[in-house]
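A.B. asks: Below is one structure. I have some questions about it.
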Amino acid sequence: MFRSRTNTLKRLLIASLVVALAATAFDLPALAQVNRTTFPKNFDKYVRYATYNRGSSWNDAFATPETLAIAKSGKPLPPGTQLVLRIHIDNKFFSYFVMEKGVDWGRDVLEDKRTGDWHFQEFDANGQVKRSAFAERCESCHSGRAVNDYMYTIDRMRDYLP
Ligand code: HEC
């Protein structure tokens, strides 16, 4: 009687360990989400196509002339596209927000957080990754723009005149 109860407990313990291990393995991609976003090497070629003024804080949106031409044509932006939002807070530079699209990059992100094939990253003034940033926050806000390929400023790209 006592012995069989111990065996049942052992079995329960092993079963819960297996479940816990499986859960950990399943959760790994979420914990260590791959982020392939890089700061554009050719940022000096980028054009400021929009500014969003909020008093002492403002955001400037940048893209290459090629990207703006594709946006105007109505075609989807191709893999390799990088978009930059320069953030100023209290009259001071704060960060560069970059989104970049790559072939099948969506596969690196869990399905419920996926924003097409875009990855998101925050960079400092020197174009270095800000490790404190969480791409999940970018994704959760931009996921509301699925109808516009997860972009907020596509209309401003189309309206931009050099
Ligand atoms: C709370 C919502 C929200 C979050 C969080 C957010 N964004 Fe945005 N994003 C916006 C809005 C709104 C715009 C349009 C510009 C503006 O209003 O300043 C924008 C514009 C952009 C653009 C210009 C291209 C486009 O989408 O039209 C980039 C690039 C961008 N965001 C990257 C990021 C990155 C990287 C992060 C995370 C570090 C991030 N965003 C987090 C709302 C958000």
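Chain labels follow the order of the structure tokens: the first chain is A, the next B, and so on; residue numbering restarts at 1 in every chain, and ligands are counted from 1 in their shown order.
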Which parts of segment 45-141 of chain A does DSSP call alpha helix (DSSP H) when run on the backbone here, written out as a PyMOL selection string?

C.D. replies: chain A and resi 65-73+135-141

A.B. asks: Atoms to include: N, CA, C and O atoms. Write the selected residues as a short mmCIF file (atom, residue, chain, number, x, y, z; two decimals), in the first residue's frame.

C.D. replies:
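To be explicit, this is the file written out as part.cif:
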```cif
data_model
loop_
_atom_site.label_atom_id
_atom_site.label_comp_id
_atom_site.auth_asym_id
_atom_site.auth_seq_id
_atom_site.Cartn_x
_atom_site.Cartn_y
_atom_site.Cartn_z
N PRO A 65 15.33 56.85 -51.52
CA PRO A 65 14.52 57.28 -52.66
C PRO A 65 13.91 56.07 -53.39
O PRO A 65 12.77 56.14 -53.87
N GLU A 66 14.65 54.96 -53.46
CA GLU A 66 14.14 53.75 -54.13
C GLU A 66 12.90 53.23 -53.41
O GLU A 66 11.90 52.88 -54.03
N THR A 67 12.97 53.16 -52.06
CA THR A 67 11.83 52.68 -51.28
C THR A 67 10.62 53.58 -51.51
O THR A 67 9.51 53.09 -51.71
N LEU A 68 10.85 54.92 -51.51
CA LEU A 68 9.74 55.85 -51.70
C LEU A 68 9.12 55.67 -53.09
O LEU A 68 7.89 55.73 -53.24
N ALA A 69 9.96 55.41 -54.10
CA ALA A 69 9.44 55.20 -55.46
C ALA A 69 8.57 53.95 -55.52
O ALA A 69 7.50 53.95 -56.15
N ILE A 70 9.01 52.89 -54.84
CA ILE A 70 8.22 51.65 -54.85
C ILE A 70 6.89 51.87 -54.12
O ILE A 70 5.83 51.45 -54.58
N ALA A 71 6.96 52.59 -52.97
CA ALA A 71 5.73 52.87 -52.22
C ALA A 71 4.74 53.65 -53.09
O ALA A 71 3.54 53.35 -53.13
N LYS A 72 5.25 54.63 -53.84
CA LYS A 72 4.40 55.43 -54.73
C LYS A 72 3.75 54.58 -55.81
O LYS A 72 2.62 54.82 -56.19
N SER A 73 4.50 53.59 -56.30
CA SER A 73 3.98 52.73 -57.38
C SER A 73 2.88 51.81 -56.88
O SER A 73 2.18 51.19 -57.67
N ALA A 135 11.76 44.06 -28.91
CA ALA A 135 11.07 44.11 -30.20
C ALA A 135 9.59 43.75 -30.06
O ALA A 135 8.77 44.18 -30.86
N GLU A 136 9.26 42.99 -29.01
CA GLU A 136 7.86 42.58 -28.82
C GLU A 136 6.95 43.80 -28.72
O GLU A 136 5.83 43.77 -29.19
N ARG A 137 7.46 44.88 -28.10
CA ARG A 137 6.62 46.09 -27.95
C ARG A 137 6.37 46.72 -29.31
O ARG A 137 5.28 47.16 -29.60
N CYS A 138 7.42 46.78 -30.12
CA CYS A 138 7.26 47.34 -31.46
C CYS A 138 6.24 46.51 -32.23
O CYS A 138 5.33 47.06 -32.85
N GLU A 139 6.42 45.19 -32.17
CA GLU A 139 5.55 44.30 -32.93
C GLU A 139 4.11 44.43 -32.50
O GLU A 139 3.20 44.47 -33.34
N SER A 140 3.87 44.51 -31.18
CA SER A 140 2.48 44.50 -30.72
C SER A 140 1.78 45.78 -31.19
O SER A 140 0.61 45.74 -31.55
N CYS A 141 2.49 46.90 -31.24
CA CYS A 141 1.84 48.12 -31.72
C CYS A 141 1.69 48.08 -33.25
O CYS A 141 0.62 48.35 -33.77
#
```

A.B. asks: Using only C-alpha atoms, determine which residues lie at most 10 Å from Pro40 of chain A, disregarding the query and same-chain residues fewer than 3 positions distant; provide the list as a VMD selection string.

C.D. replies: chain A and resid 37 43 to 46 63 to 64 81 to 84 98 100 127

A.B. asks: Given only C-alpha atoms as the basis, pick out the residue of A:Val109, A:Met157, A:Ser57, A:Lys75 nearest to Ile89 of chain A.

C.D. replies: A:Ser57

A.B. asks: Could you pull out the residues in segment 35-143 of chain A that DSSP calls strand (DSSP E or B) from the backbone, as a VMD selection string?

C.D. replies: chain A and resid 47 to 54 57 to 63 82 to 89 92 to 101 118 to 123 129

A.B. asks: Based on the selection just made, write C-alpha atoms of those residues as a compact mmCIF listing (two decimals), in the first residue's frame.

C.D. replies:
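To be explicit, this is the file written out as part-v4.txt:
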```txt
# COMPACT_ATOMS: atom_id res chain seq x y z
CA VAL A 47 15.47 60.96 -47.36
CA ARG A 48 13.27 62.43 -44.61
CA TYR A 49 9.75 61.93 -45.94
CA ALA A 50 7.72 62.84 -42.85
CA THR A 51 7.94 64.58 -39.47
CA TYR A 52 5.53 63.94 -36.60
CA ASN A 53 5.57 66.93 -34.25
CA ARG A 54 4.50 66.59 -30.63
CA SER A 57 9.22 65.71 -28.90
CA TRP A 58 9.13 64.75 -32.56
CA ASN A 59 9.79 61.84 -34.90
CA ASP A 60 11.37 62.00 -38.35
CA ALA A 61 10.71 59.16 -40.82
CA PHE A 62 13.41 58.21 -43.33
CA ALA A 63 13.58 55.88 -46.34
CA GLN A 82 14.94 49.24 -44.11
CA LEU A 83 12.86 52.08 -42.65
CA VAL A 84 14.11 54.47 -39.96
CA LEU A 85 12.22 56.59 -37.43
CA ARG A 86 14.44 59.08 -35.60
CA ILE A 87 13.03 59.86 -32.16
CA HIS A 88 13.56 63.15 -30.30
CA ILE A 89 12.31 63.50 -26.73
CA LYS A 92 17.11 65.73 -27.46
CA PHE A 93 17.94 62.87 -29.77
CA PHE A 94 16.71 59.66 -28.14
CA SER A 95 16.93 56.69 -30.56
CA TYR A 96 16.70 55.40 -34.07
CA PHE A 97 13.84 52.93 -34.51
CA VAL A 98 14.52 50.64 -37.47
CA MET A 99 12.32 48.08 -39.17
CA GLU A 100 13.76 45.76 -41.78
CA LYS A 101 12.21 43.10 -43.99
CA TRP A 118 9.55 42.64 -40.63
CA HIS A 119 11.96 42.69 -37.67
CA PHE A 120 12.24 45.70 -35.34
CA GLN A 121 15.19 47.14 -33.40
CA GLU A 122 16.23 50.27 -31.51
CA PHE A 123 19.67 51.84 -32.12
CA VAL A 129 21.83 48.11 -30.89
```

A.B. asks: Record the distance separating atom CA of Tyr160 of chain A and atom CA of Asn42 of chain A, expressed in Å with one decimal.

C.D. replies: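 Interatomic distance, atom CA of Tyr160 of chain A to atom CA of Asn42 of chain A: 20.1 Å.
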
A.B. asks: Quick one: pull the distance between atom 28 (C, counted along the ligand's line) of ligand 1 and atom CA of Asp149 of chain A, Å, one decimal.

C.D. replies: 12.0 Å

A.B. asks: One decimal, Å: what's the distance from atom 1 (C, counted along the ligand's line) of ligand 1 over to atom CA of Leu161 of chain A, could you say?

C.D. replies: 27.4 Å

A.B. asks: I'd like to know which of A:Phe39, A:Tyr152, A:Phe134, A:Trp105 is closest to ligand 1, using only C-alpha atoms and all ligand atoms.

C.D. replies: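 Ranked by minimum distance to ligand 1, first place goes to A:Tyr152.
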
A.B. asks: Identify which of the residues A:Arg107, A:Lys41, A:Arg114, A:Arg156 lies closest to ligand 1, counting only C-alpha atoms and all ligand atoms when measuring atom-to-atom distances.

C.D. replies: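 Of A:Arg107, A:Lys41, A:Arg114, A:Arg156, the one nearest ligand 1 is A:Arg156, counting only C-alpha atoms and all ligand atoms.
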
A.B. asks: Taking only C-alpha atoms and all ligand atoms into account, name the residue in A:Gly106, A:Pro162, A:Gly144, A:Pro79 that is nearest to ligand 1.

C.D. replies: A:Gly144
